[in-house]
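Peer 1: What follows is input.cif, mmCIF, C-alpha atoms.
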```cif
data_model
#
loop_
_atom_site.label_atom_id
_atom_site.label_comp_id
_atom_site.auth_asym_id
_atom_site.auth_seq_id
_atom_site.Cartn_x
_atom_site.Cartn_y
_atom_site.Cartn_z
CA MET W 3 0.00 0.00 0.00
CA VAL W 4 1.33 3.43 -0.88
CA ALA W 5 0.86 6.12 1.75
CA LYS W 6 -0.63 9.29 0.35
CA ALA W 7 1.80 12.15 0.76
CA ALA W 8 0.48 15.24 2.55
CA GLY W 9 2.25 17.46 0.04
CA ARG W 10 5.36 17.77 -2.05
CA PRO W 11 8.33 17.93 0.36
CA ALA W 12 10.60 20.94 0.06
CA THR W 13 13.76 20.26 -1.96
CA PRO W 14 16.66 19.77 0.46
CA THR W 15 19.61 22.13 0.19
CA LEU W 16 22.33 21.06 -2.20
CA TYR W 17 25.76 22.03 -0.89
CA ASN W 18 28.67 22.44 -3.28
CA ARG W 19 32.39 23.05 -3.46
CA LEU W 20 32.29 25.14 -6.62
CA PRO W 21 33.78 28.34 -5.09
CA VAL W 22 36.74 26.38 -3.66
CA LEU W 23 37.34 24.42 -6.87
CA ARG W 24 37.10 27.59 -8.93
CA ALA W 25 39.48 29.47 -6.62
CA GLU W 26 42.00 26.59 -6.67
CA ARG W 27 42.15 26.79 -10.44
CA GLY W 28 42.10 30.59 -10.59
CA LEU W 29 38.90 30.65 -12.63
CA SER W 30 36.38 33.46 -12.77
CA ARG W 31 32.67 32.65 -12.89
CA GLN W 32 32.70 33.63 -16.55
CA ASP W 33 35.55 31.19 -17.29
CA LEU W 34 33.73 28.33 -15.62
CA ALA W 35 30.43 29.34 -17.23
CA ALA W 36 32.03 29.31 -20.69
CA ALA W 37 33.65 25.93 -20.00
CA VAL W 38 30.37 24.23 -19.08
CA ASP W 39 28.22 26.29 -21.46
CA VAL W 40 25.93 28.14 -19.06
CA ASN W 41 25.35 31.78 -18.19
CA TYR W 42 27.77 33.23 -15.62
CA GLN W 43 24.82 34.14 -13.39
CA THR W 44 23.88 30.46 -13.22
CA ILE W 45 27.32 29.66 -11.77
CA GLY W 46 26.69 32.30 -9.08
CA TYR W 47 23.26 30.89 -8.23
CA LEU W 48 24.74 27.36 -8.14
CA GLU W 49 27.46 28.50 -5.74
CA ARG W 50 24.88 30.14 -3.50
CA GLY W 51 22.79 26.97 -3.47
CA GLU W 52 19.86 28.81 -5.05
CA TYR W 53 19.76 26.48 -8.02
CA ALA W 54 20.13 22.71 -8.17
CA PRO W 55 21.79 21.66 -11.45
CA SER W 56 20.38 19.08 -13.82
CA LEU W 57 22.20 15.75 -14.01
CA ASP W 58 23.64 16.87 -17.35
CA LEU W 59 25.13 20.08 -15.90
CA ALA W 60 26.41 18.22 -12.81
CA LEU W 61 28.15 15.72 -15.14
CA ARG W 62 29.65 18.53 -17.22
CA LEU W 63 31.04 20.15 -14.05
CA SER W 64 32.30 16.80 -12.85
CA GLU W 65 34.08 16.16 -16.17
CA TYR W 66 35.53 19.66 -16.24
CA PHE W 67 37.01 19.41 -12.74
CA GLY W 68 37.94 15.74 -13.16
CA LEU W 69 36.16 14.84 -9.93
CA PRO W 70 33.21 12.60 -9.09
CA ILE W 71 29.89 14.40 -8.70
CA GLU W 72 29.76 13.64 -4.96
CA ALA W 73 33.05 15.53 -4.52
CA ILE W 74 31.38 18.66 -5.91
CA PHE W 75 27.77 18.37 -4.68
CA SER W 76 26.39 16.95 -1.45
CA ARG W 77 23.15 16.86 0.53
CA THR W 78 25.17 17.45 3.72
CA PRO W 79 27.58 20.34 4.34
CA PHE W 80 31.16 19.67 3.27
CA THR W 81 33.87 19.59 5.92
CA PRO W 82 36.61 22.15 5.25
CA LEU W 83 39.51 20.75 3.24
CA SER W 84 41.95 21.68 6.03
CA THR W 85 40.00 19.44 8.40
CA THR W 86 39.96 16.63 5.86
CA VAL W 87 43.69 16.89 5.12
CA TYR W 88 45.09 17.71 8.55
CA GLY W 89 42.34 16.37 10.76
CA GLY W 90 42.15 19.62 12.74
CA SER W 91 38.93 20.82 14.36
CA MET D 153 40.10 29.35 -21.33
CA ASN D 154 41.71 32.09 -23.41
CA ALA D 155 38.64 32.72 -25.52
CA ALA D 156 37.62 36.37 -25.49
CA LEU D 157 34.28 36.46 -23.72
CA SER D 158 31.87 39.26 -24.35
CA ARG D 159 31.31 41.48 -21.35
CA PRO D 160 28.03 40.48 -19.64
CA ARG D 161 25.24 43.01 -19.83
CA PRO D 162 24.57 44.78 -16.54
CA PHE D 163 21.74 43.11 -14.68
CA PRO D 164 19.51 45.59 -12.79
CA THR D 165 19.13 45.12 -9.05
CA ARG D 166 15.98 43.49 -7.72
CA SER D 167 14.69 46.76 -6.27
CA SER D 168 15.17 48.49 -9.63
CA ARG D 169 13.32 45.65 -11.41
CA HIS D 170 10.53 45.86 -8.82
CA ARG D 171 10.16 49.59 -9.57
CA THR D 172 9.82 48.84 -13.30
CA VAL D 173 7.18 46.17 -12.64
CA LEU D 174 5.29 48.55 -10.33
CA VAL D 175 5.27 51.31 -13.00
CA TYR D 176 3.90 48.80 -15.52
CA ALA D 177 1.31 47.36 -13.09
CA VAL D 178 0.14 50.75 -11.82
CA GLY D 179 -0.21 51.97 -15.42
CA LEU D 180 -2.29 48.99 -16.51
CA GLY D 181 -4.31 49.08 -13.28
CA ALA D 182 -5.12 52.77 -13.83
CA VAL D 183 -6.25 52.17 -17.43
CA LEU D 184 -8.41 49.21 -16.41
CA LEU D 185 -9.91 51.04 -13.42
CA VAL D 186 -10.80 54.15 -15.45
CA SER D 187 -12.29 51.96 -18.20
CA LEU D 188 -14.43 49.99 -15.75
CA LEU D 189 -15.52 53.18 -13.96
CA ALA D 190 -16.50 54.70 -17.30
CA LEU D 191 -18.67 51.66 -17.95
CA THR D 192 -20.57 51.94 -14.69
CA LEU D 193 -20.60 55.73 -14.08
CA PRO D 194 -20.53 57.80 -17.26
CA PRO D 195 -18.09 60.62 -16.36
CA GLN D 196 -19.17 64.24 -16.64
CA GLY D 197 -17.61 67.64 -15.96
CA PRO D 198 -14.29 67.86 -14.08
CA VAL D 199 -14.43 64.14 -13.18
CA ARG D 200 -14.21 63.35 -16.88
CA TRP D 201 -11.00 65.38 -17.25
CA ALA D 202 -9.49 63.83 -14.10
CA MET D 203 -10.28 60.36 -15.44
CA LEU D 204 -8.79 61.25 -18.82
CA ALA D 205 -5.60 62.46 -17.11
CA VAL D 206 -5.33 59.24 -15.08
CA TYR D 207 -6.06 57.24 -18.25
CA GLY D 208 -3.30 59.03 -20.21
CA ALA D 209 -0.80 58.67 -17.36
CA GLY D 210 -1.72 55.00 -17.08
CA ILE D 211 -1.07 54.40 -20.78
CA LEU D 212 2.27 56.20 -20.55
CA CYS D 213 3.36 54.16 -17.49
CA ALA D 214 2.25 50.87 -19.10
CA VAL D 215 4.10 51.63 -22.36
CA VAL D 216 7.31 52.69 -20.58
CA GLY D 217 7.13 49.73 -18.16
CA GLY D 218 6.36 47.30 -21.00
CA TRP D 219 9.22 48.66 -23.11
CA LEU D 220 11.69 48.20 -20.22
CA LEU D 221 10.37 44.70 -19.48
CA ALA D 222 10.63 43.73 -23.14
CA ARG D 223 14.44 44.05 -23.01
CA PRO D 224 15.94 40.63 -22.16
CA ALA D 225 19.01 42.24 -20.54
CA ASN D 226 16.73 43.76 -17.89
CA LEU D 227 15.62 40.24 -16.97
CA GLY D 228 19.12 38.74 -16.88
CA LEU D 229 18.50 36.90 -20.15
CA PRO D 230 20.74 36.85 -23.25
CA GLN D 231 19.67 39.10 -26.13
CA GLY D 232 18.77 36.37 -28.62
CA TYR D 233 17.36 34.48 -25.77
CA ALA D 234 15.48 31.55 -27.28
CA GLN D 235 18.67 29.85 -28.48
CA GLN D 236 21.16 31.11 -25.91
CA MET D 237 19.33 30.45 -22.66
CA ASP D 238 20.85 27.89 -20.32
CA GLU D 239 18.89 25.32 -18.34
CA ARG D 240 18.26 27.56 -15.30
CA GLN D 241 17.03 30.43 -17.47
CA ARG D 242 14.72 28.11 -19.43
CA GLU D 243 13.32 26.82 -16.13
CA GLN D 244 12.77 30.36 -14.80
CA VAL D 245 11.04 31.45 -18.01
CA ALA D 246 8.80 28.35 -17.92
CA GLN D 247 7.80 29.09 -14.32
CA ALA D 248 7.10 32.73 -15.17
CA MET D 249 4.92 31.62 -18.11
CA ALA D 250 2.96 29.22 -15.88
CA THR D 251 2.40 31.90 -13.22
CA SER D 252 1.31 34.44 -15.86
CA TYR D 253 -1.09 31.93 -17.37
CA ARG D 254 -2.76 31.48 -13.96
CA ILE D 255 -2.94 35.26 -13.35
CA LEU D 256 -4.39 35.91 -16.82
CA GLY D 257 -6.89 33.10 -16.40
CA LEU D 258 -8.15 34.54 -13.12
CA LEU D 259 -8.33 38.05 -14.59
CA ILE D 260 -10.30 36.92 -17.64
CA ILE D 261 -12.70 34.93 -15.43
CA ALA D 262 -13.16 37.99 -13.17
CA LEU D 263 -13.86 40.25 -16.19
CA PHE D 264 -16.27 37.71 -17.64
CA LEU D 265 -18.19 37.39 -14.35
CA GLY D 266 -18.17 41.18 -13.96
CA PHE D 267 -19.78 41.67 -17.39
CA MET D 268 -22.30 38.88 -16.70
CA TRP D 269 -23.41 40.52 -13.46
CA GLY D 270 -23.05 44.04 -14.85
CA GLY D 271 -26.18 43.58 -16.92
CA ASP D 272 -27.09 44.71 -20.41
CA GLU D 273 -26.38 48.38 -19.72
CA ALA D 274 -22.67 47.70 -19.13
CA MET D 275 -22.49 45.67 -22.34
CA ILE D 276 -24.18 48.46 -24.33
CA ARG D 277 -21.72 51.03 -22.91
CA LEU D 278 -18.84 48.69 -23.71
CA ARG D 279 -19.84 48.88 -27.37
CA SER D 280 -20.91 52.50 -27.52
CA THR D 281 -18.08 54.18 -25.54
CA GLN D 282 -14.26 54.15 -25.58
CA ALA D 283 -14.16 52.07 -22.37
CA GLY D 284 -13.82 48.86 -24.37
CA GLY D 285 -10.63 50.24 -25.90
CA GLY D 286 -9.10 50.65 -22.43
CA ILE D 287 -9.96 47.08 -21.47
CA ALA D 288 -8.55 45.82 -24.77
CA PHE D 289 -5.37 47.89 -24.21
CA THR D 290 -4.96 46.35 -20.74
CA LEU D 291 -5.28 42.81 -22.07
CA LEU D 292 -3.04 43.49 -25.08
CA PHE D 293 -0.31 44.92 -22.86
CA LEU D 294 -0.77 42.24 -20.20
CA ILE D 295 -0.49 39.14 -22.40
CA PRO D 296 3.01 39.73 -23.86
CA PHE D 297 4.69 41.42 -20.90
CA LEU D 298 3.21 39.66 -17.86
CA PRO D 299 5.70 36.73 -18.01
CA ASN D 300 8.54 39.26 -18.21
CA ALA D 301 7.09 41.14 -15.24
CA VAL D 302 6.87 37.91 -13.21
CA LEU D 303 10.47 37.05 -14.15
CA ALA D 304 11.73 40.55 -13.32
CA TRP D 305 9.94 40.37 -9.96
CA THR D 306 11.16 36.92 -8.94
CA GLU D 307 14.73 36.71 -10.27
CA PRO D 308 17.11 37.03 -7.28
CA ASP D 309 19.83 39.63 -6.96
CA LEU D 310 23.39 38.84 -7.94
CA PHE D 311 26.28 38.95 -5.49
CA PRO D 312 28.06 42.33 -5.57
CA ASP D 313 31.10 40.61 -7.13
CA MET D 314 29.02 38.68 -9.66
CA ASP D 315 28.37 41.54 -12.04
CA GLN D 316 31.81 41.27 -13.62
#
```
Rewrite the coordinates I just gave you, this time as structure tokens.
Peer 2:
Amino acid sequence: MVAKAAGRPATPTLYNRLPVLRAERGLSRQDLAAAVDVNYQTIGYLERGEYAPSLDLALRLSEYFGLPIEAIFSRTPFTPLSTTVYGGS
Amino acid sequence: MNAALSRPRPFPTRSSRHRTVLVYAVGLGAVLLVSLLALTLPPQGPVRWAMLAVYGAGILCAVVGGWLLARPANLGLPQGYAQQMDERQREQVAQAMATSYRILGLLIIALFLGFMWGGDEAMIRLRSTQAGGGIAFTLLFLIPFLPNAVLAWTEPDLFPDMDQ
């Protein structure tokens, strides 16, 4: 039996590492936008978590950075890289 | 990475876009209100001139607001926007279209019910006076620019460092 949902649940926040990845590579939003063929504003809204990308765009970003999608996007907040690398708190 | 990218067009702030939408909405609202008033209360004397002045100002505001909303750059969209929009922009435009469709539907139903309850006299005045022209102007200016107005109203602001 399928329980009837009370309503459509709100979309959970999608966290991302785009600003860090972009800064590491010295890219502007326009550079990244041109590389993955979107408008530069869309990169800004993605970074702010105001837009969840399609699977196609997520794959293009993943290919561009050479990282798996889950290294760029996550449903839970990312731990800072310094914590991951050095284990500090 | 070394490709020369064209400089992005400046995207107006949300408050500036809200002002444009308000000018457009107030203009159309004034034209519609004066037209409906003229249907129910035939204006005479100084009231007629006041209504004409509001009507003229309404048309001016609606035309200026519509002209500003018709420019894709004011909505954060590329100039030849049908081909050059990305997935987020297409999604935003689709949502704006759907919202406008609902608003227009409600407005047309309200006008239809108003004329049904207004009786024969309102229908006769609609044909015999200029009031019908005002209602037609409102609908003609609402249909093409309402999606743009919804988009201009809802599109979020950019970061201060994003407009570069």
Peer 1: Using all atoms listed in the file, select each residue of chain W with any atom at most 10 Å away from an atom of chain D, and give the selection as an NGL selection string.
Peer 2: :W and (29-34 or 36-37 or 39-48 or 50 or 52-56 or 58-59)
Peer 1: Using all atoms listed in the file, which residues sit within 10 Å of stretch 167-171 of chain D once same-chain residues fewer than 5 positions away are excluded, as a PyMOL selection string?
Peer 2: chain D and resi 176-177+217+220-221+226-227+301-307+309
Peer 1: List the neighbours of D:Ser187 out to 7 Å using only C-alpha atoms; skip same-chain residues closer than 4 positions along the sequence, and give me the result as a PyMOL selection string.
Peer 2: chain D and resi 183+191+283+286-287
Peer 1: Output C-alpha atoms of each residue in that selection to a file, as a PDB file, in the coordinates of the input.
Peer 2:
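Generated output (again_36.pdb):
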```
ATOM      1  CA  VAL D 183      -6.250  52.170 -17.430  1.00  0.00           C
ATOM      2  CA  LEU D 191     -18.670  51.660 -17.950  1.00  0.00           C
ATOM      3  CA  ALA D 283     -14.160  52.070 -22.370  1.00  0.00           C
ATOM      4  CA  GLY D 286      -9.100  50.650 -22.430  1.00  0.00           C
ATOM      5  CA  ILE D 287      -9.960  47.080 -21.470  1.00  0.00           C
TER       6      ILE D 287
END
```
Peer 1: Do you have the atom CA of D:Ala222-atom CA of D:Leu174 distance handy?
Peer 2: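 That distance, rounded to one decimal, is 14.7 Å.
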Peer 1: What is the distance, in Å and to one decimal place, between atom CA of W:Thr15 and atom CA of W:Pro70?
Peer 2: 19.0 Å
Peer 1: Translate the PyMOL selection byres ((chain D and resi 207) around 10) into a concrete residue list for this structure, as a list in words.
Peer 2: Gly179, Leu180, Gly181, Ala182, Val183, Leu184, Leu185, Val186, Ser187, Trp201, Ala202, Met203, Leu204, Ala205, Val206, Gly208, Ala209, Gly210, Ile211, Leu212, Cys213 and Gly286 of chain D
Peer 1: Restricting the output to C-alpha atoms, write the selected residues as an mmCIF file, in the frame of the given file.
Peer 2:
```cif
data_model
loop_
_atom_site.group_PDB
_atom_site.id
_atom_site.type_symbol
_atom_site.label_atom_id
_atom_site.label_comp_id
_atom_site.auth_asym_id
_atom_site.auth_seq_id
_atom_site.Cartn_x
_atom_site.Cartn_y
_atom_site.Cartn_z
ATOM 1 C CA GLY D 179 -0.210 51.970 -15.420
ATOM 2 C CA LEU D 180 -2.290 48.990 -16.510
ATOM 3 C CA GLY D 181 -4.310 49.080 -13.280
ATOM 4 C CA ALA D 182 -5.120 52.770 -13.830
ATOM 5 C CA VAL D 183 -6.250 52.170 -17.430
ATOM 6 C CA LEU D 184 -8.410 49.210 -16.410
ATOM 7 C CA LEU D 185 -9.910 51.040 -13.420
ATOM 8 C CA VAL D 186 -10.800 54.150 -15.450
ATOM 9 C CA SER D 187 -12.290 51.960 -18.200
ATOM 10 C CA TRP D 201 -11.000 65.380 -17.250
ATOM 11 C CA ALA D 202 -9.490 63.830 -14.100
ATOM 12 C CA MET D 203 -10.280 60.360 -15.440
ATOM 13 C CA LEU D 204 -8.790 61.250 -18.820
ATOM 14 C CA ALA D 205 -5.600 62.460 -17.110
ATOM 15 C CA VAL D 206 -5.330 59.240 -15.080
ATOM 16 C CA GLY D 208 -3.300 59.030 -20.210
ATOM 17 C CA ALA D 209 -0.800 58.670 -17.360
ATOM 18 C CA GLY D 210 -1.720 55.000 -17.080
ATOM 19 C CA ILE D 211 -1.070 54.400 -20.780
ATOM 20 C CA LEU D 212 2.270 56.200 -20.550
ATOM 21 C CA CYS D 213 3.360 54.160 -17.490
ATOM 22 C CA GLY D 286 -9.100 50.650 -22.430
#
```
Peer 1: To one decimal in Å, tell me the separation between atom CA of D:Ala225 and atom CA of D:Thr165.
Peer 2: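 For atom CA of D:Ala225 relative to atom CA of D:Thr165, the distance reads 11.8 Å.
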Peer 1: Given 8 Å of margin on each side, can you work out the centre and size in Å (one decimal) of an axis-aligned box holding every listed atom of stretch 32-38 of chain W, as lines of an AutoDock Vina configuration file?
Peer 2:
```
center_x = 33.0
center_y = 28.9
center_z = -18.2
size_x = 21.2
size_y = 25.4
size_z = 21.1
```
Peer 1: Extract, using all atoms listed in the file, all DNA, RNA and protein residues at most 12 Å from stretch 272-277 of chain D, discarding same-chain residues fewer than 6 positions from it, and format them as a PyMOL selection string.
Peer 2: chain D and resi 187-194+263-264+266+283-285
Peer 1: Run the PyMOL selection byres ((chain W and resi 17-22) around 7) on the file and write out the hits as a PyMOL selection string.
Peer 2: chain W and resi 15-16+23-26+49+51+74-79
Peer 1: For stretch 58-79 of chain W, which lacks atoms in the input, supply N, CA and C atoms and format the output as a PDB file, keeping the file's coordinate frame.
Peer 2:
```
ATOM      1  N   ASP W  58      22.743  16.564 -16.236  1.00  0.00           N
ATOM      2  CA  ASP W  58      23.640  16.870 -17.350  1.00  0.00           C
ATOM      3  C   ASP W  58      24.671  17.929 -16.960  1.00  0.00           C
ATOM      4  N   LEU W  59      24.197  19.013 -16.299  1.00  0.00           N
ATOM      5  CA  LEU W  59      25.130  20.080 -15.900  1.00  0.00           C
ATOM      6  C   LEU W  59      26.078  19.567 -14.813  1.00  0.00           C
ATOM      7  N   ALA W  60      25.552  18.776 -13.876  1.00  0.00           N
ATOM      8  CA  ALA W  60      26.410  18.220 -12.810  1.00  0.00           C
ATOM      9  C   ALA W  60      27.504  17.351 -13.440  1.00  0.00           C
ATOM     10  N   LEU W  61      27.151  16.574 -14.465  1.00  0.00           N
ATOM     11  CA  LEU W  61      28.150  15.720 -15.140  1.00  0.00           C
ATOM     12  C   LEU W  61      29.176  16.562 -15.890  1.00  0.00           C
ATOM     13  N   ARG W  62      28.706  17.659 -16.498  1.00  0.00           N
ATOM     14  CA  ARG W  62      29.650  18.530 -17.220  1.00  0.00           C
ATOM     15  C   ARG W  62      30.651  19.153 -16.240  1.00  0.00           C
ATOM     16  N   LEU W  63      30.148  19.572 -15.066  1.00  0.00           N
ATOM     17  CA  LEU W  63      31.040  20.150 -14.050  1.00  0.00           C
ATOM     18  C   LEU W  63      32.012  19.089 -13.536  1.00  0.00           C
ATOM     19  N   SER W  64      31.479  17.897 -13.355  1.00  0.00           N
ATOM     20  CA  SER W  64      32.300  16.800 -12.850  1.00  0.00           C
ATOM     21  C   SER W  64      33.424  16.471 -13.849  1.00  0.00           C
ATOM     22  N   GLU W  65      33.072  16.436 -15.130  1.00  0.00           N
ATOM     23  CA  GLU W  65      34.080  16.160 -16.170  1.00  0.00           C
ATOM     24  C   GLU W  65      35.108  17.283 -16.241  1.00  0.00           C
ATOM     25  N   TYR W  66      34.621  18.510 -16.127  1.00  0.00           N
ATOM     26  CA  TYR W  66      35.530  19.660 -16.240  1.00  0.00           C
ATOM     27  C   TYR W  66      36.550  19.661 -15.106  1.00  0.00           C
ATOM     28  N   PHE W  67      36.090  19.394 -13.882  1.00  0.00           N
ATOM     29  CA  PHE W  67      37.010  19.410 -12.740  1.00  0.00           C
ATOM     30  C   PHE W  67      37.742  18.076 -12.569  1.00  0.00           C
ATOM     31  N   GLY W  68      37.304  17.050 -13.275  1.00  0.00           N
ATOM     32  CA  GLY W  68      37.940  15.740 -13.160  1.00  0.00           C
ATOM     33  C   GLY W  68      37.686  15.116 -11.802  1.00  0.00           C
ATOM     34  N   LEU W  69      36.511  15.358 -11.267  1.00  0.00           N
ATOM     35  CA  LEU W  69      36.160  14.840  -9.930  1.00  0.00           C
ATOM     36  C   LEU W  69      34.813  14.141 -10.012  1.00  0.00           C
ATOM     37  N   PRO W  70      34.561  13.186  -9.109  1.00  0.00           N
ATOM     38  CA  PRO W  70      33.210  12.600  -9.090  1.00  0.00           C
ATOM     39  C   PRO W  70      32.186  13.631  -8.628  1.00  0.00           C
ATOM     40  N   ILE W  71      30.952  13.437  -9.037  1.00  0.00           N
ATOM     41  CA  ILE W  71      29.890  14.400  -8.700  1.00  0.00           C
ATOM     42  C   ILE W  71      29.794  14.611  -7.193  1.00  0.00           C
ATOM     43  N   GLU W  72      29.933  13.514  -6.425  1.00  0.00           N
ATOM     44  CA  GLU W  72      29.760  13.640  -4.960  1.00  0.00           C
ATOM     45  C   GLU W  72      30.901  14.435  -4.310  1.00  0.00           C
ATOM     46  N   ALA W  73      31.986  14.679  -5.059  1.00  0.00           N
ATOM     47  CA  ALA W  73      33.050  15.530  -4.520  1.00  0.00           C
ATOM     48  C   ALA W  73      32.722  17.004  -4.753  1.00  0.00           C
ATOM     49  N   ILE W  74      31.757  17.274  -5.604  1.00  0.00           N
ATOM     50  CA  ILE W  74      31.380  18.660  -5.910  1.00  0.00           C
ATOM     51  C   ILE W  74      30.059  19.030  -5.244  1.00  0.00           C
ATOM     52  N   PHE W  75      29.096  18.102  -5.261  1.00  0.00           N
ATOM     53  CA  PHE W  75      27.770  18.370  -4.680  1.00  0.00           C
ATOM     54  C   PHE W  75      27.475  17.372  -3.569  1.00  0.00           C
ATOM     55  N   SER W  76      26.754  17.849  -2.547  1.00  0.00           N
ATOM     56  CA  SER W  76      26.390  16.950  -1.450  1.00  0.00           C
ATOM     57  C   SER W  76      25.116  17.443  -0.785  1.00  0.00           C
ATOM     58  N   ARG W  77      24.352  16.502  -0.232  1.00  0.00           N
ATOM     59  CA  ARG W  77      23.150  16.860   0.530  1.00  0.00           C
ATOM     60  C   ARG W  77      23.518  17.338   1.940  1.00  0.00           C
ATOM     61  N   THR W  78      24.723  17.012   2.393  1.00  0.00           N
ATOM     62  CA  THR W  78      25.170  17.450   3.720  1.00  0.00           C
ATOM     63  C   THR W  78      26.324  18.439   3.541  1.00  0.00           C
ATOM     64  N   PRO W  79      26.509  19.350   4.511  1.00  0.00           N
ATOM     65  CA  PRO W  79      27.580  20.340   4.340  1.00  0.00           C
ATOM     66  C   PRO W  79      28.950  19.659   4.258  1.00  0.00           C
TER      67      PRO W  79
END
```
